[in-house]
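Novice: Please find coords.cif (mmCIF, N, CA and C atoms) on the next line:
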```cif
data_protein
#
loop_
_atom_site.label_atom_id
_atom_site.label_comp_id
_atom_site.auth_asym_id
_atom_site.auth_seq_id
_atom_site.Cartn_x
_atom_site.Cartn_y
_atom_site.Cartn_z
N MET A 1300 -34.63 11.63 2.15
CA MET A 1300 -33.60 11.04 2.98
C MET A 1300 -32.91 9.87 2.28
N GLU A 1301 -33.61 9.17 1.42
CA GLU A 1301 -33.05 7.99 0.78
C GLU A 1301 -31.85 8.36 -0.10
N ASN A 1302 -31.90 9.50 -0.80
CA ASN A 1302 -30.78 9.93 -1.62
C ASN A 1302 -29.52 10.17 -0.79
N THR A 1303 -29.67 10.77 0.38
CA THR A 1303 -28.53 11.04 1.26
C THR A 1303 -27.89 9.73 1.70
N GLU A 1304 -28.69 8.76 2.07
CA GLU A 1304 -28.15 7.47 2.52
C GLU A 1304 -27.42 6.77 1.39
N THR A 1305 -27.96 6.82 0.19
CA THR A 1305 -27.33 6.21 -0.96
C THR A 1305 -26.00 6.89 -1.25
N THR A 1306 -25.96 8.22 -1.16
CA THR A 1306 -24.74 8.96 -1.42
C THR A 1306 -23.66 8.61 -0.40
N VAL A 1307 -24.01 8.50 0.87
CA VAL A 1307 -23.05 8.15 1.91
C VAL A 1307 -22.52 6.74 1.68
N GLU A 1308 -23.39 5.79 1.32
CA GLU A 1308 -22.94 4.43 1.04
C GLU A 1308 -22.00 4.40 -0.16
N ALA A 1309 -22.31 5.15 -1.20
CA ALA A 1309 -21.47 5.18 -2.40
C ALA A 1309 -20.10 5.78 -2.08
N ALA A 1310 -20.07 6.82 -1.26
CA ALA A 1310 -18.80 7.44 -0.87
C ALA A 1310 -17.96 6.48 -0.04
N THR A 1311 -18.60 5.73 0.84
CA THR A 1311 -17.88 4.76 1.67
C THR A 1311 -17.30 3.66 0.80
N GLU A 1312 -18.06 3.16 -0.15
CA GLU A 1312 -17.56 2.12 -1.05
C GLU A 1312 -16.40 2.62 -1.90
N ALA A 1313 -16.45 3.87 -2.34
CA ALA A 1313 -15.38 4.42 -3.17
C ALA A 1313 -14.09 4.57 -2.37
N ALA A 1314 -14.18 4.86 -1.07
CA ALA A 1314 -13.00 5.06 -0.23
C ALA A 1314 -12.38 3.74 0.19
N ALA A 1315 -13.17 2.68 0.26
CA ALA A 1315 -12.66 1.38 0.70
C ALA A 1315 -11.96 0.66 -0.44
N PRO A 1316 -10.86 -0.03 -0.15
CA PRO A 1316 -10.18 -0.77 -1.21
C PRO A 1316 -11.01 -1.96 -1.68
N ALA A 1317 -10.84 -2.32 -2.94
CA ALA A 1317 -11.53 -3.49 -3.48
C ALA A 1317 -10.97 -4.75 -2.84
N SER A 1318 -11.72 -5.83 -2.90
CA SER A 1318 -11.29 -7.07 -2.25
C SER A 1318 -10.02 -7.63 -2.88
N SER A 1319 -9.71 -7.27 -4.11
CA SER A 1319 -8.49 -7.74 -4.75
C SER A 1319 -7.29 -6.84 -4.46
N ASP A 1320 -7.51 -5.76 -3.71
CA ASP A 1320 -6.44 -4.85 -3.35
C ASP A 1320 -5.78 -5.28 -2.04
N VAL A 1321 -4.49 -4.97 -1.92
CA VAL A 1321 -3.72 -5.28 -0.72
C VAL A 1321 -3.17 -3.96 -0.18
N ILE A 1322 -3.27 -3.76 1.12
CA ILE A 1322 -2.70 -2.59 1.77
C ILE A 1322 -1.41 -3.04 2.44
N ILE A 1323 -0.31 -2.41 2.06
CA ILE A 1323 1.00 -2.73 2.61
C ILE A 1323 1.47 -1.54 3.44
N HIS A 1324 1.64 -1.77 4.73
CA HIS A 1324 2.05 -0.71 5.66
C HIS A 1324 3.57 -0.66 5.74
N ALA A 1325 4.11 0.56 5.83
CA ALA A 1325 5.55 0.76 5.98
C ALA A 1325 5.80 1.77 7.10
N SER A 1326 6.90 1.58 7.83
CA SER A 1326 7.30 2.56 8.84
C SER A 1326 8.75 2.94 8.60
N PHE A 1327 9.08 4.19 8.94
CA PHE A 1327 10.37 4.76 8.59
C PHE A 1327 11.09 5.33 9.80
N ALA A 1328 12.42 5.33 9.72
CA ALA A 1328 13.27 5.97 10.71
C ALA A 1328 13.29 7.47 10.43
N PRO A 1329 13.72 8.28 11.39
CA PRO A 1329 13.79 9.73 11.15
C PRO A 1329 14.66 10.11 9.94
N ASP A 1330 15.64 9.27 9.59
CA ASP A 1330 16.48 9.59 8.43
C ASP A 1330 15.86 9.16 7.10
N GLY A 1331 14.66 8.57 7.14
CA GLY A 1331 13.94 8.20 5.92
C GLY A 1331 14.11 6.76 5.48
N THR A 1332 14.96 5.99 6.14
CA THR A 1332 15.11 4.59 5.75
C THR A 1332 13.91 3.79 6.24
N CYS A 1333 13.56 2.79 5.48
CA CYS A 1333 12.41 1.95 5.81
C CYS A 1333 12.83 0.93 6.87
N LEU A 1334 12.14 0.94 8.01
CA LEU A 1334 12.44 0.01 9.10
C LEU A 1334 11.65 -1.28 9.00
N ALA A 1335 10.39 -1.18 8.58
CA ALA A 1335 9.52 -2.34 8.49
C ALA A 1335 8.49 -2.10 7.40
N ILE A 1336 8.14 -3.18 6.70
CA ILE A 1336 7.15 -3.08 5.63
C ILE A 1336 6.49 -4.44 5.46
N GLY A 1337 5.20 -4.43 5.24
CA GLY A 1337 4.45 -5.67 5.11
C GLY A 1337 4.66 -6.36 3.78
N GLU A 1338 4.31 -7.65 3.75
CA GLU A 1338 4.35 -8.47 2.53
C GLU A 1338 5.74 -8.60 1.93
N SER A 1339 6.77 -8.33 2.71
CA SER A 1339 8.13 -8.38 2.21
C SER A 1339 8.57 -9.81 1.95
N PRO A 1340 9.11 -10.09 0.75
CA PRO A 1340 9.63 -11.44 0.49
C PRO A 1340 10.92 -11.68 1.27
N ALA A 1341 11.28 -12.93 1.44
CA ALA A 1341 12.47 -13.29 2.23
C ALA A 1341 13.75 -12.73 1.64
N TRP A 1342 13.81 -12.56 0.34
CA TRP A 1342 15.04 -12.11 -0.31
C TRP A 1342 15.29 -10.61 -0.20
N ALA A 1343 14.33 -9.84 0.31
CA ALA A 1343 14.47 -8.38 0.33
C ALA A 1343 14.46 -7.82 1.75
N SER A 1344 15.35 -6.87 1.98
CA SER A 1344 15.32 -6.11 3.24
C SER A 1344 14.13 -5.14 3.16
N PRO A 1345 13.72 -4.56 4.29
CA PRO A 1345 12.62 -3.58 4.22
C PRO A 1345 12.91 -2.44 3.24
N GLN A 1346 14.14 -1.94 3.23
CA GLN A 1346 14.49 -0.84 2.33
C GLN A 1346 14.45 -1.28 0.87
N GLN A 1347 14.94 -2.48 0.58
CA GLN A 1347 14.91 -3.00 -0.80
C GLN A 1347 13.48 -3.18 -1.28
N TRP A 1348 12.60 -3.72 -0.43
CA TRP A 1348 11.21 -3.95 -0.80
C TRP A 1348 10.51 -2.62 -1.04
N PHE A 1349 10.76 -1.63 -0.17
CA PHE A 1349 10.17 -0.31 -0.35
C PHE A 1349 10.62 0.29 -1.68
N ALA A 1350 11.91 0.18 -1.99
CA ALA A 1350 12.43 0.73 -3.24
C ALA A 1350 11.80 0.05 -4.45
N LEU A 1351 11.66 -1.27 -4.39
CA LEU A 1351 11.06 -2.01 -5.50
C LEU A 1351 9.59 -1.61 -5.69
N LEU A 1352 8.84 -1.54 -4.59
CA LEU A 1352 7.44 -1.13 -4.69
C LEU A 1352 7.32 0.29 -5.23
N SER A 1353 8.21 1.17 -4.78
CA SER A 1353 8.18 2.56 -5.24
C SER A 1353 8.48 2.66 -6.73
N LYS A 1354 9.39 1.82 -7.20
CA LYS A 1354 9.79 1.87 -8.61
C LYS A 1354 8.75 1.26 -9.55
N TYR A 1355 8.11 0.17 -9.13
CA TYR A 1355 7.25 -0.59 -10.04
C TYR A 1355 5.75 -0.42 -9.82
N THR A 1356 5.35 0.45 -8.92
CA THR A 1356 3.93 0.76 -8.77
C THR A 1356 3.75 2.26 -8.98
N VAL A 1357 2.72 2.63 -9.67
CA VAL A 1357 2.49 4.04 -9.99
C VAL A 1357 1.31 4.56 -9.18
N ASN A 1358 1.50 5.67 -8.51
CA ASN A 1358 0.45 6.32 -7.72
C ASN A 1358 -0.20 5.39 -6.71
N SER A 1359 0.56 4.48 -6.13
CA SER A 1359 -0.03 3.55 -5.17
C SER A 1359 0.39 3.85 -3.74
N TYR A 1360 1.32 4.76 -3.53
CA TYR A 1360 1.82 5.06 -2.19
C TYR A 1360 1.13 6.29 -1.62
N ARG A 1361 0.79 6.21 -0.34
CA ARG A 1361 0.21 7.34 0.38
C ARG A 1361 0.98 7.53 1.67
N ALA A 1362 1.50 8.72 1.89
CA ALA A 1362 2.22 9.03 3.12
C ALA A 1362 1.22 9.27 4.25
N LEU A 1363 1.57 8.80 5.43
CA LEU A 1363 0.77 9.01 6.62
C LEU A 1363 1.62 9.76 7.64
N SER A 1364 1.03 10.19 8.71
CA SER A 1364 1.79 10.90 9.74
C SER A 1364 2.59 9.90 10.57
N GLY A 1365 3.55 10.42 11.31
CA GLY A 1365 4.31 9.60 12.25
C GLY A 1365 5.31 8.67 11.60
N GLY A 1366 5.83 9.03 10.44
CA GLY A 1366 6.83 8.20 9.79
C GLY A 1366 6.28 6.90 9.24
N ARG A 1367 5.06 6.95 8.72
CA ARG A 1367 4.42 5.75 8.18
C ARG A 1367 3.87 6.05 6.80
N GLY A 1368 3.53 4.99 6.08
CA GLY A 1368 2.90 5.12 4.78
C GLY A 1368 2.30 3.80 4.36
N VAL A 1369 1.49 3.82 3.32
CA VAL A 1369 0.87 2.60 2.82
C VAL A 1369 0.92 2.55 1.30
N PHE A 1370 1.06 1.35 0.77
CA PHE A 1370 0.88 1.08 -0.64
C PHE A 1370 -0.45 0.38 -0.79
N LEU A 1371 -1.20 0.72 -1.81
CA LEU A 1371 -2.45 0.04 -2.14
C LEU A 1371 -2.29 -0.50 -3.55
N ILE A 1372 -2.13 -1.83 -3.66
CA ILE A 1372 -1.90 -2.44 -4.97
C ILE A 1372 -2.77 -3.69 -5.12
N LYS A 1373 -2.93 -4.11 -6.34
CA LYS A 1373 -3.70 -5.31 -6.66
C LYS A 1373 -2.94 -6.56 -6.21
N ARG A 1374 -3.65 -7.58 -5.74
CA ARG A 1374 -3.05 -8.83 -5.27
C ARG A 1374 -2.19 -9.46 -6.37
N GLN A 1375 -2.69 -9.49 -7.60
CA GLN A 1375 -1.94 -10.09 -8.71
C GLN A 1375 -0.61 -9.35 -8.93
N ARG A 1376 -0.63 -8.04 -8.89
CA ARG A 1376 0.59 -7.24 -9.07
C ARG A 1376 1.56 -7.51 -7.93
N LEU A 1377 1.05 -7.64 -6.71
CA LEU A 1377 1.91 -7.96 -5.56
C LEU A 1377 2.64 -9.28 -5.77
N GLU A 1378 1.93 -10.29 -6.24
CA GLU A 1378 2.56 -11.60 -6.46
C GLU A 1378 3.63 -11.50 -7.55
N GLU A 1379 3.38 -10.71 -8.60
CA GLU A 1379 4.38 -10.50 -9.64
C GLU A 1379 5.64 -9.85 -9.07
N LEU A 1380 5.45 -8.84 -8.22
CA LEU A 1380 6.59 -8.14 -7.64
C LEU A 1380 7.37 -9.03 -6.68
N LYS A 1381 6.67 -9.88 -5.95
CA LYS A 1381 7.35 -10.78 -5.02
C LYS A 1381 8.22 -11.78 -5.76
N SER A 1382 7.85 -12.13 -6.98
CA SER A 1382 8.62 -13.11 -7.74
C SER A 1382 9.86 -12.49 -8.39
N MET A 1383 9.98 -11.17 -8.39
CA MET A 1383 11.17 -10.50 -8.93
C MET A 1383 12.33 -10.70 -7.96
N GLN A 1384 13.54 -10.70 -8.47
CA GLN A 1384 14.68 -10.83 -7.57
C GLN A 1384 15.89 -10.20 -8.14
#
```
The structure given in the file should be rewritten as structure tokens.
Specialist:
Amino acid sequence: MENTETTVEAATEAAAPASSDVIIHASFAPDGTCLAIGESPAWASPQQWFALLSKYTVNSYRALSGGRGVFLIKRQRLEELKSMQ
């Protein structure tokens, strides 16, 4: 039984983001424009921030149901992107 418990714990840890990772939630209109997105800097509209994150992060976006999605990126990378203008 101990092996099974260890395997389940390891799988849970692998699925959870690291403490240095940030999850950024986005929601979209039916036409695909971004309506709201987390961690957006003051200088960017939701659509501009989504476009910038899409362009400068690789394999970090995951689509969800209901017109939503998330970016999973490192905190340091997020701060770098926020300083772009």
Novice: Between atom CA of Pro1329 of chain A and atom CA of Phe1349 of chain A, what distance in Å does the model show, to one decimal?
Specialist: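 Computing it gives 15.7 Å between the two atoms.
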Novice: If the PyMOL selection byres (((chain A and resi 1338 and name CA) around 12) and name CA) is run on the structure shown, which residues does it catch, given as a tab-separated table (two decimals) with N, CA and C atoms, in the coordinates of the input?
Specialist:
```
chain	number	residue	atom	x	y	z
A	1321	VAL	N	-4.49	-4.97	-1.92
A	1321	VAL	CA	-3.72	-5.28	-0.72
A	1321	VAL	C	-3.17	-3.96	-0.18
A	1322	ILE	N	-3.27	-3.76	1.12
A	1322	ILE	CA	-2.70	-2.59	1.77
A	1322	ILE	C	-1.41	-3.04	2.44
A	1323	ILE	N	-0.31	-2.41	2.06
A	1323	ILE	CA	1.00	-2.73	2.61
A	1323	ILE	C	1.47	-1.54	3.44
A	1324	HIS	N	1.64	-1.77	4.73
A	1324	HIS	CA	2.05	-0.71	5.66
A	1324	HIS	C	3.57	-0.66	5.74
A	1325	ALA	N	4.11	0.56	5.83
A	1325	ALA	CA	5.55	0.76	5.98
A	1325	ALA	C	5.80	1.77	7.10
A	1335	ALA	N	10.39	-1.18	8.58
A	1335	ALA	CA	9.52	-2.34	8.49
A	1335	ALA	C	8.49	-2.10	7.40
A	1336	ILE	N	8.14	-3.18	6.70
A	1336	ILE	CA	7.15	-3.08	5.63
A	1336	ILE	C	6.49	-4.44	5.46
A	1337	GLY	N	5.20	-4.43	5.24
A	1337	GLY	CA	4.45	-5.67	5.11
A	1337	GLY	C	4.66	-6.36	3.78
A	1339	SER	N	6.77	-8.33	2.71
A	1339	SER	CA	8.13	-8.38	2.21
A	1339	SER	C	8.57	-9.81	1.95
A	1340	PRO	N	9.11	-10.09	0.75
A	1340	PRO	CA	9.63	-11.44	0.49
A	1340	PRO	C	10.92	-11.68	1.27
A	1341	ALA	N	11.28	-12.93	1.44
A	1341	ALA	CA	12.47	-13.29	2.23
A	1341	ALA	C	13.75	-12.73	1.64
A	1342	TRP	N	13.81	-12.56	0.34
A	1342	TRP	CA	15.04	-12.11	-0.31
A	1342	TRP	C	15.29	-10.61	-0.20
A	1343	ALA	N	14.33	-9.84	0.31
A	1343	ALA	CA	14.47	-8.38	0.33
A	1343	ALA	C	14.46	-7.82	1.75
A	1344	SER	N	15.35	-6.87	1.98
A	1344	SER	CA	15.32	-6.11	3.24
A	1344	SER	C	14.13	-5.14	3.16
A	1345	PRO	N	13.72	-4.56	4.29
A	1345	PRO	CA	12.62	-3.58	4.22
A	1345	PRO	C	12.91	-2.44	3.24
A	1348	TRP	N	12.60	-3.72	-0.43
A	1348	TRP	CA	11.21	-3.95	-0.80
A	1348	TRP	C	10.51	-2.62	-1.04
A	1349	PHE	N	10.76	-1.63	-0.17
A	1349	PHE	CA	10.17	-0.31	-0.35
A	1349	PHE	C	10.62	0.29	-1.68
A	1352	LEU	N	8.84	-1.54	-4.59
A	1352	LEU	CA	7.44	-1.13	-4.69
A	1352	LEU	C	7.32	0.29	-5.23
A	1369	VAL	N	1.49	3.82	3.32
A	1369	VAL	CA	0.87	2.60	2.82
A	1369	VAL	C	0.92	2.55	1.30
A	1370	PHE	N	1.06	1.35	0.77
A	1370	PHE	CA	0.88	1.08	-0.64
A	1370	PHE	C	-0.45	0.38	-0.79
A	1371	LEU	N	-1.20	0.72	-1.81
A	1371	LEU	CA	-2.45	0.04	-2.14
A	1371	LEU	C	-2.29	-0.50	-3.55
A	1372	ILE	N	-2.13	-1.83	-3.66
A	1372	ILE	CA	-1.90	-2.44	-4.97
A	1372	ILE	C	-2.77	-3.69	-5.12
A	1374	ARG	N	-3.65	-7.58	-5.74
A	1374	ARG	CA	-3.05	-8.83	-5.27
A	1374	ARG	C	-2.19	-9.46	-6.37
A	1377	LEU	N	1.05	-7.64	-6.71
A	1377	LEU	CA	1.91	-7.96	-5.56
A	1377	LEU	C	2.64	-9.28	-5.77
A	1378	GLU	N	1.93	-10.29	-6.24
A	1378	GLU	CA	2.56	-11.60	-6.46
A	1378	GLU	C	3.63	-11.50	-7.55
A	1380	LEU	N	5.45	-8.84	-8.22
A	1380	LEU	CA	6.59	-8.14	-7.64
A	1380	LEU	C	7.37	-9.03	-6.68
A	1381	LYS	N	6.67	-9.88	-5.95
A	1381	LYS	CA	7.35	-10.78	-5.02
A	1381	LYS	C	8.22	-11.78	-5.76
```
Novice: Using DSSP secondary structure from the backbone, list all strand (DSSP E) positions within chain A, as number ranges by chain.
Specialist: A: 1320-1327, 1333-1336, 1360-1363, 1367-1373
Novice: Using only C-alpha atoms, which of the listed residues (A:Gly1366, A:Asp1320, A:Arg1361, A:Lys1354) sits closest to Thr1332 of chain A?
Specialist: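 Answer, going by the shortest atom-to-atom distance: A:Gly1366.
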Novice: Which residue, A:Cys1333, A:Gln1375, A:Ser1382, A:Ser1359, has the smallest gap to Gln1347 of chain A when you use all atoms listed in the file?
Specialist: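 Looking only at the distances to Gln1347 of chain A, the closest residue turns out to be A:Cys1333.
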Novice: Atom N of Leu1351 of chain A and atom CA of Ser1318 of chain A are how many Å apart?
Specialist: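 Separation of atom N of Leu1351 of chain A and atom CA of Ser1318 of chain A: 23.8 Å.
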Novice: As a ChimeraX atom specification, please: every residue in segment 1308-1376 of chain A that DSSP puts in alpha helix (DSSP H).
Specialist: /A:1308-1314,1345-1355,1374-1376
Novice: Could you take the residues named above and write them with N, CA and C atoms, as a PDB file, in the frame of the given file?
Specialist:
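Heads up, here's the output in again_30.pdb:
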```
ATOM      1  N   GLU A1308     -23.390   5.790   1.320  1.00  0.00           N
ATOM      2  CA  GLU A1308     -22.940   4.430   1.040  1.00  0.00           C
ATOM      3  C   GLU A1308     -22.000   4.400  -0.160  1.00  0.00           C
ATOM      4  N   ALA A1309     -22.310   5.150  -1.200  1.00  0.00           N
ATOM      5  CA  ALA A1309     -21.470   5.180  -2.400  1.00  0.00           C
ATOM      6  C   ALA A1309     -20.100   5.780  -2.080  1.00  0.00           C
ATOM      7  N   ALA A1310     -20.070   6.820  -1.260  1.00  0.00           N
ATOM      8  CA  ALA A1310     -18.800   7.440  -0.870  1.00  0.00           C
ATOM      9  C   ALA A1310     -17.960   6.480  -0.040  1.00  0.00           C
ATOM     10  N   THR A1311     -18.600   5.730   0.840  1.00  0.00           N
ATOM     11  CA  THR A1311     -17.880   4.760   1.670  1.00  0.00           C
ATOM     12  C   THR A1311     -17.300   3.660   0.800  1.00  0.00           C
ATOM     13  N   GLU A1312     -18.060   3.160  -0.150  1.00  0.00           N
ATOM     14  CA  GLU A1312     -17.560   2.120  -1.050  1.00  0.00           C
ATOM     15  C   GLU A1312     -16.400   2.620  -1.900  1.00  0.00           C
ATOM     16  N   ALA A1313     -16.450   3.870  -2.340  1.00  0.00           N
ATOM     17  CA  ALA A1313     -15.380   4.420  -3.170  1.00  0.00           C
ATOM     18  C   ALA A1313     -14.090   4.570  -2.370  1.00  0.00           C
ATOM     19  N   ALA A1314     -14.180   4.860  -1.070  1.00  0.00           N
ATOM     20  CA  ALA A1314     -13.000   5.060  -0.230  1.00  0.00           C
ATOM     21  C   ALA A1314     -12.380   3.740   0.190  1.00  0.00           C
ATOM     22  N   PRO A1345      13.720  -4.560   4.290  1.00  0.00           N
ATOM     23  CA  PRO A1345      12.620  -3.580   4.220  1.00  0.00           C
ATOM     24  C   PRO A1345      12.910  -2.440   3.240  1.00  0.00           C
ATOM     25  N   GLN A1346      14.140  -1.940   3.230  1.00  0.00           N
ATOM     26  CA  GLN A1346      14.490  -0.840   2.330  1.00  0.00           C
ATOM     27  C   GLN A1346      14.450  -1.280   0.870  1.00  0.00           C
ATOM     28  N   GLN A1347      14.940  -2.480   0.580  1.00  0.00           N
ATOM     29  CA  GLN A1347      14.910  -3.000  -0.800  1.00  0.00           C
ATOM     30  C   GLN A1347      13.480  -3.180  -1.280  1.00  0.00           C
ATOM     31  N   TRP A1348      12.600  -3.720  -0.430  1.00  0.00           N
ATOM     32  CA  TRP A1348      11.210  -3.950  -0.800  1.00  0.00           C
ATOM     33  C   TRP A1348      10.510  -2.620  -1.040  1.00  0.00           C
ATOM     34  N   PHE A1349      10.760  -1.630  -0.170  1.00  0.00           N
ATOM     35  CA  PHE A1349      10.170  -0.310  -0.350  1.00  0.00           C
ATOM     36  C   PHE A1349      10.620   0.290  -1.680  1.00  0.00           C
ATOM     37  N   ALA A1350      11.910   0.180  -1.990  1.00  0.00           N
ATOM     38  CA  ALA A1350      12.430   0.730  -3.240  1.00  0.00           C
ATOM     39  C   ALA A1350      11.800   0.050  -4.450  1.00  0.00           C
ATOM     40  N   LEU A1351      11.660  -1.270  -4.390  1.00  0.00           N
ATOM     41  CA  LEU A1351      11.060  -2.010  -5.500  1.00  0.00           C
ATOM     42  C   LEU A1351       9.590  -1.610  -5.690  1.00  0.00           C
ATOM     43  N   LEU A1352       8.840  -1.540  -4.590  1.00  0.00           N
ATOM     44  CA  LEU A1352       7.440  -1.130  -4.690  1.00  0.00           C
ATOM     45  C   LEU A1352       7.320   0.290  -5.230  1.00  0.00           C
ATOM     46  N   SER A1353       8.210   1.170  -4.780  1.00  0.00           N
ATOM     47  CA  SER A1353       8.180   2.560  -5.240  1.00  0.00           C
ATOM     48  C   SER A1353       8.480   2.660  -6.730  1.00  0.00           C
ATOM     49  N   LYS A1354       9.390   1.820  -7.200  1.00  0.00           N
ATOM     50  CA  LYS A1354       9.790   1.870  -8.610  1.00  0.00           C
ATOM     51  C   LYS A1354       8.750   1.260  -9.550  1.00  0.00           C
ATOM     52  N   TYR A1355       8.110   0.170  -9.130  1.00  0.00           N
ATOM     53  CA  TYR A1355       7.250  -0.590 -10.040  1.00  0.00           C
ATOM     54  C   TYR A1355       5.750  -0.420  -9.820  1.00  0.00           C
ATOM     55  N   ARG A1374      -3.650  -7.580  -5.740  1.00  0.00           N
ATOM     56  CA  ARG A1374      -3.050  -8.830  -5.270  1.00  0.00           C
ATOM     57  C   ARG A1374      -2.190  -9.460  -6.370  1.00  0.00           C
ATOM     58  N   GLN A1375      -2.690  -9.490  -7.600  1.00  0.00           N
ATOM     59  CA  GLN A1375      -1.940 -10.090  -8.710  1.00  0.00           C
ATOM     60  C   GLN A1375      -0.610  -9.350  -8.930  1.00  0.00           C
ATOM     61  N   ARG A1376      -0.630  -8.040  -8.890  1.00  0.00           N
ATOM     62  CA  ARG A1376       0.590  -7.240  -9.070  1.00  0.00           C
ATOM     63  C   ARG A1376       1.560  -7.510  -7.930  1.00  0.00           C
TER      64      ARG A1376
END
```
Novice: To one decimal place in Å, what is the distance between atom N of Phe1327 of chain A and atom C of Arg1367 of chain A?
Specialist: 5.9 Å
